[in-house]
$ cat run.cif   # mmCIF, C-alpha atoms and all ligand atoms
data_run
loop_
_atom_site.label_atom_id
_atom_site.label_comp_id
_atom_site.auth_asym_id
_atom_site.auth_seq_id
_atom_site.Cartn_x
_atom_site.Cartn_y
_atom_site.Cartn_z
CA MET A 145 -4.10 -25.45 15.42
CA TRP A 146 -0.99 -23.91 13.86
CA TRP A 147 0.12 -27.00 11.98
CA ILE A 148 -3.28 -27.75 10.52
CA GLY A 149 -3.83 -24.13 9.49
CA ASP A 150 -0.42 -23.96 7.83
CA TRP A 151 -1.00 -27.30 6.15
CA LEU A 152 -4.30 -26.09 4.67
CA ASN A 153 -2.73 -22.84 3.47
CA HIS A 154 0.18 -24.70 1.95
CA TRP A 155 -2.02 -27.05 -0.11
CA TYR A 156 -4.87 -24.62 -0.74
CA PRO A 157 -3.14 -21.21 -0.92
CA GLU A 158 -6.10 -19.49 -2.58
CA GLY A 159 -9.81 -19.76 -2.04
CA TYR A 160 -11.90 -22.85 -2.03
CA VAL A 161 -11.29 -26.00 -0.01
CA ASP A 162 -13.54 -28.92 -0.87
CA ARG A 163 -16.01 -30.13 1.80
CA LYS A 164 -14.55 -33.64 1.50
CA VAL A 165 -11.14 -32.32 2.56
CA TYR A 166 -12.64 -30.73 5.66
CA ASN A 167 -14.58 -33.94 6.44
CA ARG A 168 -11.48 -36.10 6.14
CA LEU A 169 -9.39 -33.68 8.23
CA GLY A 170 -12.18 -33.60 10.81
CA GLU A 171 -11.98 -37.40 11.12
CA VAL A 172 -8.20 -37.34 11.52
CA THR A 173 -7.92 -34.39 13.92
CA GLY A 174 -11.27 -34.47 15.71
CA MET A 175 -11.74 -30.77 14.80
CA ALA A 176 -14.98 -29.28 13.52
CA LYS A 177 -15.05 -27.63 10.10
CA SER A 178 -15.44 -24.19 11.71
CA GLN A 179 -12.27 -24.77 13.78
CA LEU A 180 -10.35 -25.85 10.71
CA LYS A 181 -11.48 -22.76 8.83
CA LEU A 182 -10.52 -20.56 11.75
CA ALA A 183 -7.08 -22.18 11.96
CA ARG A 184 -6.61 -21.51 8.27
CA THR A 185 -7.61 -17.85 8.56
CA ILE A 186 -5.43 -17.14 11.59
CA CYS A 187 -2.41 -18.88 10.08
CA LYS A 188 -2.83 -16.90 6.89
CA SER A 189 -3.06 -13.59 8.75
CA ILE A 190 -0.14 -14.10 11.12
CA LYS A 191 3.21 -14.82 9.53
CA LEU A 192 5.51 -17.42 11.03
CA MET A 193 8.03 -14.80 12.17
CA THR A 194 5.34 -12.83 13.99
CA ARG A 195 4.02 -15.74 16.08
CA VAL A 196 5.07 -15.95 19.72
CA ILE A 197 5.71 -19.47 21.04
CA ASN A 198 4.84 -18.62 24.64
CA LEU A 199 1.40 -17.34 23.75
CA SER A 200 -1.69 -19.39 22.99
CA PHE A 201 -3.49 -19.64 19.67
CA LYS A 202 -6.31 -17.64 21.27
CA HIS A 203 -3.93 -14.75 21.94
CA HIS A 204 -3.03 -14.78 18.27
CA ARG A 205 -6.67 -14.89 17.29
CA VAL A 206 -7.22 -11.57 19.09
CA VAL A 207 -4.64 -9.78 16.93
CA ALA A 208 -5.15 -11.58 13.61
CA SER A 209 -7.17 -8.82 11.95
CA GLU A 210 -4.54 -6.14 12.70
CA PRO A 211 -1.75 -5.02 10.35
CA GLU A 212 1.49 -6.94 10.83
CA GLU A 213 3.27 -4.17 12.71
CA ARG A 214 0.45 -3.90 15.20
CA GLN A 215 0.22 -7.69 15.62
CA ARG A 216 3.88 -7.67 16.71
CA GLU A 217 3.35 -4.78 19.08
CA LEU A 218 0.29 -6.39 20.74
CA LEU A 219 1.89 -9.84 21.04
CA ALA A 220 5.05 -8.34 22.55
CA TRP A 221 2.87 -6.62 25.15
CA ALA A 222 0.97 -9.85 25.87
CA VAL A 223 4.04 -12.03 26.35
CA GLY A 224 5.20 -9.59 29.00
CA PRO A 225 6.56 -9.86 31.59
CA PRO A 226 4.11 -10.14 33.11
CA ARG A 227 2.38 -12.50 30.73
CA ARG A 228 -1.14 -11.27 29.98
CA THR A 229 -4.33 -13.30 29.62
CA VAL A 230 -6.37 -13.33 26.43
CA ARG A 231 -8.95 -11.13 28.13
CA GLU A 232 -6.30 -8.58 29.14
CA LEU A 233 -4.96 -8.56 25.60
CA MET A 234 -8.44 -7.87 24.22
CA ALA A 235 -8.88 -4.95 26.62
CA HIS A 236 -5.43 -3.56 25.75
CA LYS A 237 -6.15 -3.83 22.03
CA LYS A 238 -9.36 -1.87 22.48
CA ARG A 239 -7.70 0.76 24.66
CA THR A 240 -4.89 1.38 22.21
CA ALA A 241 -6.87 0.98 18.99
CA ILE A 242 -5.65 3.15 16.17
CA THR A 243 -8.67 5.05 15.08
CA GLU A 244 -8.71 7.41 12.17
CA SER A 245 -6.15 10.09 12.74
CA ASP A 246 -3.75 12.53 11.15
CA PRO A 247 -0.78 11.30 9.11
CA ASP A 248 1.57 12.74 11.73
CA ASP A 249 0.00 10.51 14.40
CA LEU A 250 0.26 7.39 12.28
CA HIS A 251 3.80 7.96 11.00
CA ILE A 252 5.46 7.70 14.38
CA ASP A 253 8.40 5.67 13.06
CA GLY A 254 9.15 7.83 10.03
CA PRO A 255 7.63 9.15 6.81
CA VAL A 256 7.14 5.60 5.45
CA ARG A 257 5.02 2.94 7.11
CA TRP A 258 5.57 -0.73 6.51
CA GLY A 259 2.55 -2.79 5.47
CA ASP A 260 -0.21 -3.43 2.97
CA ALA A 261 -1.43 -0.09 1.64
CA LEU A 262 -4.97 -1.39 1.28
CA LYS A 263 -5.09 -2.08 5.01
CA LEU A 264 -3.19 1.00 6.18
CA MET A 265 -4.71 3.68 3.92
CA PRO A 266 -8.21 3.54 5.46
CA GLN A 267 -6.66 4.50 8.82
CA TYR A 268 -6.06 8.08 7.65
CA SER A 269 -8.70 10.65 8.36
CA GLU A 270 -10.65 12.54 5.78
CA ASN A 271 -8.78 15.41 4.15
CA SER A 272 -5.33 14.11 5.10
CA PHE A 273 -3.43 14.65 1.84
CA HIS A 274 -3.24 17.25 -0.93
CA LEU A 275 -1.75 14.94 -3.54
CA ILE A 276 -1.40 11.19 -3.92
CA PHE A 277 1.24 10.49 -6.53
CA THR A 278 1.90 6.80 -6.87
CA ASP A 279 3.12 3.89 -8.92
CA PRO A 280 1.44 0.57 -8.01
CA PRO A 281 2.84 -2.69 -9.43
CA TYR A 282 1.91 -3.22 -13.09
CA ASP A 283 1.14 -6.91 -13.34
CA ARG A 284 -2.37 -8.32 -13.73
CA ASP A 285 -2.46 -9.81 -10.25
CA HIS A 286 -2.04 -6.33 -8.76
CA LEU A 287 -4.40 -4.46 -11.10
CA LYS A 288 -7.11 -4.20 -8.46
CA LEU A 289 -4.76 -1.96 -6.42
CA TYR A 290 -5.67 0.81 -8.88
CA TRP A 291 -9.42 0.92 -8.29
CA GLU A 292 -9.03 0.13 -4.59
CA THR A 293 -6.65 3.09 -4.28
CA VAL A 294 -9.06 5.41 -6.10
CA SER A 295 -11.84 4.38 -3.79
CA ILE A 296 -9.81 5.07 -0.61
CA ALA A 297 -8.21 8.23 -2.03
CA GLU A 298 -11.61 9.80 -2.41
CA LYS A 299 -11.87 9.90 1.37
CA ILE A 300 -8.35 10.80 2.46
CA LEU A 301 -7.71 13.61 -0.04
CA VAL A 302 -8.62 17.21 0.70
CA PRO A 303 -11.61 18.46 -1.34
CA TYR A 304 -9.49 19.83 -4.18
CA GLY A 305 -6.92 17.06 -3.89
CA ASN A 306 -5.42 15.19 -6.85
CA LEU A 307 -4.53 11.56 -7.41
CA VAL A 308 -1.97 10.70 -10.09
CA MET A 309 -1.06 7.08 -10.82
CA TYR A 310 1.35 5.54 -13.30
CA ALA A 311 -0.70 2.90 -15.08
CA PRO A 312 0.00 0.10 -17.55
CA ASN A 313 -1.41 0.76 -21.00
CA TYR A 314 -2.69 -2.81 -21.29
CA GLY A 315 -4.86 -2.33 -18.19
CA LEU A 316 -6.35 1.11 -18.90
CA GLU A 317 -9.72 -0.12 -20.11
CA GLU A 318 -10.32 -2.23 -17.00
CA ILE A 319 -8.90 0.33 -14.58
CA LEU A 320 -11.02 3.18 -15.89
CA LYS A 321 -14.14 1.03 -15.97
CA LYS A 322 -13.68 -0.04 -12.37
CA CYS A 323 -12.64 3.41 -11.09
CA ASN A 324 -15.82 4.88 -12.36
CA GLY A 325 -17.68 7.23 -10.07
CA GLU A 326 -15.64 7.44 -6.89
CA MET A 327 -13.33 10.21 -8.07
CA ARG A 328 -13.52 12.19 -11.27
CA TYR A 329 -11.22 11.00 -13.99
CA TRP A 330 -9.62 14.23 -15.18
CA TRP A 331 -6.93 13.60 -17.77
CA THR A 332 -4.07 11.38 -18.86
CA ILE A 333 -0.57 12.82 -18.73
CA ALA A 334 1.91 11.18 -21.09
CA MET A 335 5.35 10.49 -19.73
CA LYS A 336 7.81 10.16 -22.61
CA HIS A 337 10.41 7.51 -21.88
CA SER A 338 14.02 8.21 -22.43
CA GLY A 339 16.55 5.49 -23.10
CA LYS A 340 15.75 2.24 -24.90
CA THR A 341 12.32 1.62 -26.42
CA ALA A 342 10.59 -1.42 -24.90
CA ARG A 343 8.56 -3.92 -26.93
CA GLN A 344 5.09 -4.89 -25.72
CA GLU A 345 5.06 -8.57 -26.61
CA GLY A 346 1.73 -9.87 -27.83
CA LYS A 347 0.55 -6.38 -28.82
CA GLY A 348 3.15 -5.54 -31.43
CA VAL A 349 3.82 -2.13 -29.93
CA LEU A 350 7.07 -0.26 -29.36
CA VAL A 351 6.44 1.59 -26.12
CA GLU A 352 7.58 5.22 -26.14
CA TRP A 353 5.47 6.63 -23.31
CA LYS A 354 3.69 5.76 -20.10
CA PRO A 355 0.27 7.01 -18.98
CA LEU A 356 -0.17 8.89 -15.72
CA LEU A 357 -3.87 8.72 -14.85
CA TRP A 358 -5.06 11.86 -13.14
CA PHE A 359 -8.16 11.92 -10.93
CA VAL A 360 -9.59 14.81 -8.94
CA LYS A 361 -11.84 14.74 -5.92
CA THR A 362 -13.97 17.75 -6.73
CA GLY A 363 -12.23 19.68 -9.49
CA ARG A 364 -9.25 21.99 -9.97
CA LEU A 365 -8.68 24.70 -7.43
CA GLU A 366 -5.99 26.41 -9.44
CA ASP A 367 -7.84 26.27 -12.72
CA LYS A 368 -5.84 29.21 -14.05
CA GLU A 369 -2.61 27.24 -13.80
CA TYR A 370 -2.24 25.04 -16.84
CA ILE A 371 -0.61 21.66 -16.43
CA ARG A 372 1.26 20.09 -19.31
CA ASP A 373 0.01 16.68 -20.38
CA PHE A 374 3.34 15.65 -21.89
CA ILE A 375 6.42 15.25 -19.73
CA VAL A 376 9.78 14.28 -21.16
CA SER A 377 11.35 12.08 -18.56
CA GLN A 378 14.90 11.09 -17.78
CA GLU A 379 16.18 7.57 -17.47
CA PRO A 380 15.82 6.52 -13.81
CA GLU A 381 18.98 5.42 -12.07
CA LYS A 382 17.42 2.19 -10.70
CA LYS A 383 20.09 2.01 -8.04
CA VAL A 384 17.76 0.91 -5.25
CA HIS A 385 14.62 -0.51 -6.87
CA ALA A 386 14.12 -2.47 -10.08
CA TRP A 387 10.99 -0.40 -10.85
CA GLU A 388 12.37 2.95 -9.80
CA GLN A 389 10.89 5.91 -11.69
CA SER A 390 12.54 9.13 -12.68
CA HIS A 391 12.14 12.10 -10.31
CA VAL A 392 11.15 14.36 -13.26
CA GLU A 393 7.42 13.62 -13.44
CA ALA A 394 7.03 13.42 -9.64
CA GLU A 395 8.61 16.85 -9.28
CA TYR A 396 6.50 18.32 -12.08
CA CYS A 397 3.21 17.11 -10.61
CA ILE A 398 4.10 17.98 -7.03
CA GLU A 399 5.22 21.47 -7.99
CA HIS A 400 2.10 22.20 -10.04
CA MET A 401 -0.55 20.40 -7.98
CA THR A 402 0.46 21.39 -4.45
CA ARG A 403 1.89 24.27 -2.48
CA PRO A 404 4.84 24.36 -0.06
CA GLY A 405 3.89 22.71 3.24
CA ASP A 406 1.20 20.48 1.64
CA LYS A 407 1.09 16.75 2.34
CA VAL A 408 2.11 14.40 -0.46
CA PHE A 409 1.44 10.68 -0.18
CA ASP A 410 2.74 7.65 -2.06
CA PRO A 411 1.18 4.39 -0.80
CA PHE A 412 3.38 2.22 -3.06
CA CYS A 413 6.53 4.23 -2.61
CA GLY A 414 9.30 1.69 -3.39
CA SER A 415 12.63 3.51 -3.31
CA GLY A 416 10.88 6.78 -2.41
CA THR A 417 11.18 8.79 -5.64
CA THR A 418 7.93 10.68 -4.89
CA LEU A 419 8.90 11.32 -1.29
CA PHE A 420 12.37 12.66 -2.06
CA ALA A 421 10.83 14.94 -4.68
CA ALA A 422 8.23 16.16 -2.17
CA GLN A 423 10.86 16.88 0.43
CA LYS A 424 13.05 18.69 -2.09
CA LEU A 425 10.13 20.96 -2.96
CA GLY A 426 9.25 21.74 0.67
CA ARG A 427 6.17 19.49 0.87
CA LYS A 428 5.63 16.92 3.64
CA PRO A 429 6.22 13.37 2.39
CA PHE A 430 4.27 10.31 3.59
CA GLY A 431 4.49 6.79 2.18
CA ILE A 432 3.78 3.10 2.57
CA ASP A 433 5.49 0.04 1.15
CA ILE A 434 4.98 -3.64 1.76
CA GLU A 435 8.69 -4.42 1.51
CA ARG A 436 10.58 -3.72 4.71
CA GLU A 437 13.90 -3.02 3.01
CA TYR A 438 12.48 -0.09 1.01
CA VAL A 439 10.73 1.30 4.07
CA ASP A 440 13.98 1.29 6.04
CA TYR A 441 15.95 2.71 3.13
CA VAL A 442 13.59 5.64 2.52
CA ASN A 443 13.10 6.45 6.20
CA ALA A 444 16.85 6.46 6.79
CA ASN A 445 17.60 8.61 3.74
CA LEU A 446 14.77 11.11 4.22
CA GLU A 447 15.91 11.57 7.81
CA GLN A 448 19.45 12.10 6.63
CA SER A 449 18.47 14.77 4.17
CA ASN A 450 16.31 16.36 6.91
CA SER A 451 19.19 16.67 9.35
C1 LIG A 501 6.38 -0.03 -9.10
S1 LIG A 501 7.04 -0.09 -7.51
C2 LIG A 501 7.21 1.59 -7.05
C3 LIG A 501 8.54 2.16 -7.47
C4 LIG A 501 8.69 3.60 -7.06
N1 LIG A 501 7.88 4.48 -7.87
C5 LIG A 501 10.13 4.05 -7.17
O1 LIG A 501 10.42 5.01 -7.87
O2 LIG A 501 10.98 3.39 -6.56
C6 LIG A 501 5.65 -0.63 -6.59
C7 LIG A 501 5.92 -0.81 -5.10
O3 LIG A 501 4.70 -1.21 -4.47
C8 LIG A 501 5.00 -2.07 -3.40
N2 LIG A 501 3.77 -2.83 -3.10
C9 LIG A 501 3.23 -3.87 -3.76
N3 LIG A 501 2.07 -4.24 -3.20
C10 LIG A 501 1.87 -3.40 -2.16
C11 LIG A 501 0.85 -3.25 -1.19
N4 LIG A 501 -0.23 -4.03 -1.19
N5 LIG A 501 0.96 -2.27 -0.27
C12 LIG A 501 2.04 -1.45 -0.26
N6 LIG A 501 3.05 -1.54 -1.14
C13 LIG A 501 2.96 -2.50 -2.08
C14 LIG A 501 6.17 -2.90 -3.90
O4 LIG A 501 6.94 -3.39 -2.81
C15 LIG A 501 6.94 -1.88 -4.74
O5 LIG A 501 7.99 -1.29 -4.00
#

$ encode --input "run.cif" --output "C-alpha cells" --more "lines below"
Ligand SMILES: C[S@@+](CC[C@H](N)C(=O)[O-])C[C@H]1O[C@@H](n2cnc3c(N)ncnc32)[C@H](O)[C@@H]1O
Amino acid sequence: MWWIGDWLNHWYPEGYVDRKVYNRLGEVTGMAKSQLKLARTICKSIKLMTRVINLSFKHHRVVASEPEERQRELLAWAVGPPRRTVRELMAHKKRTAITESDPDDLHIDGPVRWGDALKLMPQYSENSFHLIFTDPPYDRDHLKLYWETVSIAEKILVPYGNLVMYAPNYGLEEILKKCNGEMRYWWTIAMKHSGKTARQEGKGVLVEWKPLLWFVKTGRLEDKEYIRDFIVSQEPEKKVHAWEQSHVEAEYCIEHMTRPGDKVFDPFCGSGTTLFAAQKLGRKPFGIDIEREYVDYVNANLEQSNS
C-alpha cells in the first residue's frame, strides 16, 4: 500500500488522477480503485518520517486524520511494548481525543505548537483569545490562509476580540471579498517601512508601507481609546527568520487592544515577534508554526526570558 500511495502522490501531487491511470494500476497491482485512492490519501497524510515499520497500514489509517504531532504520539503508543492491535489503537484514540479546550491545555509543550494552523486552530474553544496578531505568508498559494483564519478567529476570539493581520497589497481585493461576513472588517492600519524602498514588479509601485487588516468580532470595547492608523516601524533584525517583522507594530497593537494578563495568539508566528512582544507587555503568548525549527527556537527563548 505504501509504495503505490507514494508513487501516486509523486506523479500526481495535486488533485485529479485520470480513471485510466487507476484502471491500469488496478490491472498491475490487483487493487480496486477505492484501495488505490485510500493508499494515496493515507500516504499524503502521514509523512515518511512519521511512519512506523512495525505497524500495519491499518494502524496508520486510524491516525491519518490527526495532526502530525498526534499521529506520532498514537503510533508510538501502538508500537508498544506491548504492541497494540488496530482495535486497541482505535479505542485509545477515542479515549484520549483532544476535544475543544483551553489554550493552556493544548500548549502542554510550550507557548508554540508545531503544525498546520488550519488544523490546530479549530481545536481551541470559543472565547480563547483576546487578540490574534499575525503575519501569514504573502504568496498567492497561501492567500487562502487569510480568509480561513478570519473564519476560525470568529469562534476562538472573545466577544470584543480583535484580529490584526499583515496583508499583501496585491491581495487585498480578494482577501476582503472572501473575508466578508464572518468578522467585521474594521480598519486598515498602515505600517510605514523603514530602510530601503522595495519595488513591486509588474505594478510599477515603490512600496513605502504595509497594510495591517483589522477585524473585530463584535465591535470595540474600549471605544474611548483611539488607535493610530499609521505606525512608523523600525527595520527588523531578520536574525532568525527571513520574513521577520519589527516588534514596533506588534507592541503597539498588543498594548492598545489588550490588557495585562490577556491571551495573545499568533498562528503563523515564525520567529515569534508577536509572542515576545506579548510577553514583554505582560500578556500570555500562544502561537503555532508549521516549521519545527521556529517552534523550538521560540519555545526555548520564551522559556528563557520567563525564568
Ligand atoms: C511571514 S512568516 C511570519 C514571520 C513572523 N511575523 C516573524 O516576525 O518572524 C509566516 C510563517 O508562517 C508559517 N506557516 C506557513 N504556513 C503555515 C501553516 N499552514 N500553519 C502554520 N504556520 C504556517 C511559516 O513557517 C512562517 O514562519

$ residues_near_ligand --input "run.cif" --ligand "ligand LIG 501 (chain A)" --cutoff "6 Å" --atoms "all atoms listed in the file" --output "list of chain:residue names"
A:Gly259, A:Asp260, A:Ala261, A:Leu262, A:Asp279, A:Pro280, A:Pro281, A:His385, A:Trp387, A:Glu388, A:Gln389, A:Pro411, A:Phe412, A:Cys413, A:Gly414, A:Ser415, A:Gly416, A:Thr417, A:Ile432, A:Asp433, A:Ile434, A:Glu435

$ write_last_selection --input "run.cif" --atoms "C-alpha atoms" --output "PDB file, keeping the file's coordinate frame"
ATOM      1  CA  GLY A 259       2.550  -2.790   5.470  1.00  0.00           C
ATOM      2  CA  ASP A 260      -0.210  -3.430   2.970  1.00  0.00           C
ATOM      3  CA  ALA A 261      -1.430  -0.090   1.640  1.00  0.00           C
ATOM      4  CA  LEU A 262      -4.970  -1.390   1.280  1.00  0.00           C
ATOM      5  CA  ASP A 279       3.120   3.890  -8.920  1.00  0.00           C
ATOM      6  CA  PRO A 280       1.440   0.570  -8.010  1.00  0.00           C
ATOM      7  CA  PRO A 281       2.840  -2.690  -9.430  1.00  0.00           C
ATOM      8  CA  HIS A 385      14.620  -0.510  -6.870  1.00  0.00           C
ATOM      9  CA  TRP A 387      10.990  -0.400 -10.850  1.00  0.00           C
ATOM     10  CA  GLU A 388      12.370   2.950  -9.800  1.00  0.00           C
ATOM     11  CA  GLN A 389      10.890   5.910 -11.690  1.00  0.00           C
ATOM     12  CA  PRO A 411       1.180   4.390  -0.800  1.00  0.00           C
ATOM     13  CA  PHE A 412       3.380   2.220  -3.060  1.00  0.00           C
ATOM     14  CA  CYS A 413       6.530   4.230  -2.610  1.00  0.00           C
ATOM     15  CA  GLY A 414       9.300   1.690  -3.390  1.00  0.00           C
ATOM     16  CA  SER A 415      12.630   3.510  -3.310  1.00  0.00           C
ATOM     17  CA  GLY A 416      10.880   6.780  -2.410  1.00  0.00           C
ATOM     18  CA  THR A 417      11.180   8.790  -5.640  1.00  0.00           C
ATOM     19  CA  ILE A 432       3.780   3.100   2.570  1.00  0.00           C
ATOM     20  CA  ASP A 433       5.490   0.040   1.150  1.00  0.00           C
ATOM     21  CA  ILE A 434       4.980  -3.640   1.760  1.00  0.00           C
ATOM     22  CA  GLU A 435       8.690  -4.420   1.510  1.00  0.00           C
TER      23      GLU A 435
END

$ closest_residue --input "run.cif" --among "A:Tyr290, A:Trp151, A:Tyr166, A:Tyr370" --to "His400 in chain A" --atoms "all atoms listed in the file"
A:Tyr370

$ residues_around --input "run.cif" --residues "Ala421 in chain A" --least-positions-apart "4" --cutoff "9 Å" --atoms "all atoms listed in the file" --output "list in words"
His391, Val392, Ala394, Glu395, Ile398, Gly416, Thr417, Leu425, Gly426, Arg427 and Pro429 of chain A

$ closest_residue --input "run.cif" --among "A:Leu199, A:Leu289, A:Leu307, A:Leu365" --to "Leu275 in chain A" --atoms "all atoms listed in the file"
A:Leu307

$ atom_distance --input "run.cif" --atom1 "CA of His337 in chain A" --atom2 "CA of Val349 in chain A"
14.2 Å

$ atom_distance --input "run.cif" --atom1 "CA of Thr402 in chain A" --atom2 "CA of Leu287 in chain A"
27.1 Å

$ closest_residue --input "run.cif" --among "A:Lys263, A:Arg205, A:Arg364, A:Arg214" --to "Thr240 in chain A" --atoms "only C-alpha atoms"
A:Arg214

$ closest_residue --input "run.cif" --among "A:Ala297, A:Lys177, A:Ile186, A:Trp358" --to "Leu320 in chain A" --atoms "all atoms listed in the file"
A:Trp358

$ closest_residue --input "run.cif" --among "A:Phe359, A:Met234, A:Lys347, A:Ala183" --to "Thr293 in chain A" --atoms "all atoms listed in the file"
A:Phe359

$ atom_distance --input "run.cif" --atom1 "CA of Leu250 in chain A" --atom2 "CA of Gln267 in chain A"
8.3 Å

$ residues_around --input "run.cif" --residues "Lys288 in chain A" --least-positions-apart "6" --cutoff "10 Å" --atoms "all atoms listed in the file" --output "ChimeraX atom specification"
/A:280,318-319,322-323

$ closest_residue --input "run.cif" --among "A:Leu180, A:Glu399, A:Gly339, A:Leu301" --to "Glu381 in chain A" --atoms "all atoms listed in the file"
A:Gly339

$ residues_around --input "run.cif" --residues "range 235-237 of chain A" --least-positions-apart "3" --cutoff "9 Å" --atoms "all atoms listed in the file" --output "list in words"
Val206, Val207, Leu218, Trp221, Ala222, Val230, Arg231, Glu232, Thr240 and Ala241 of chain A
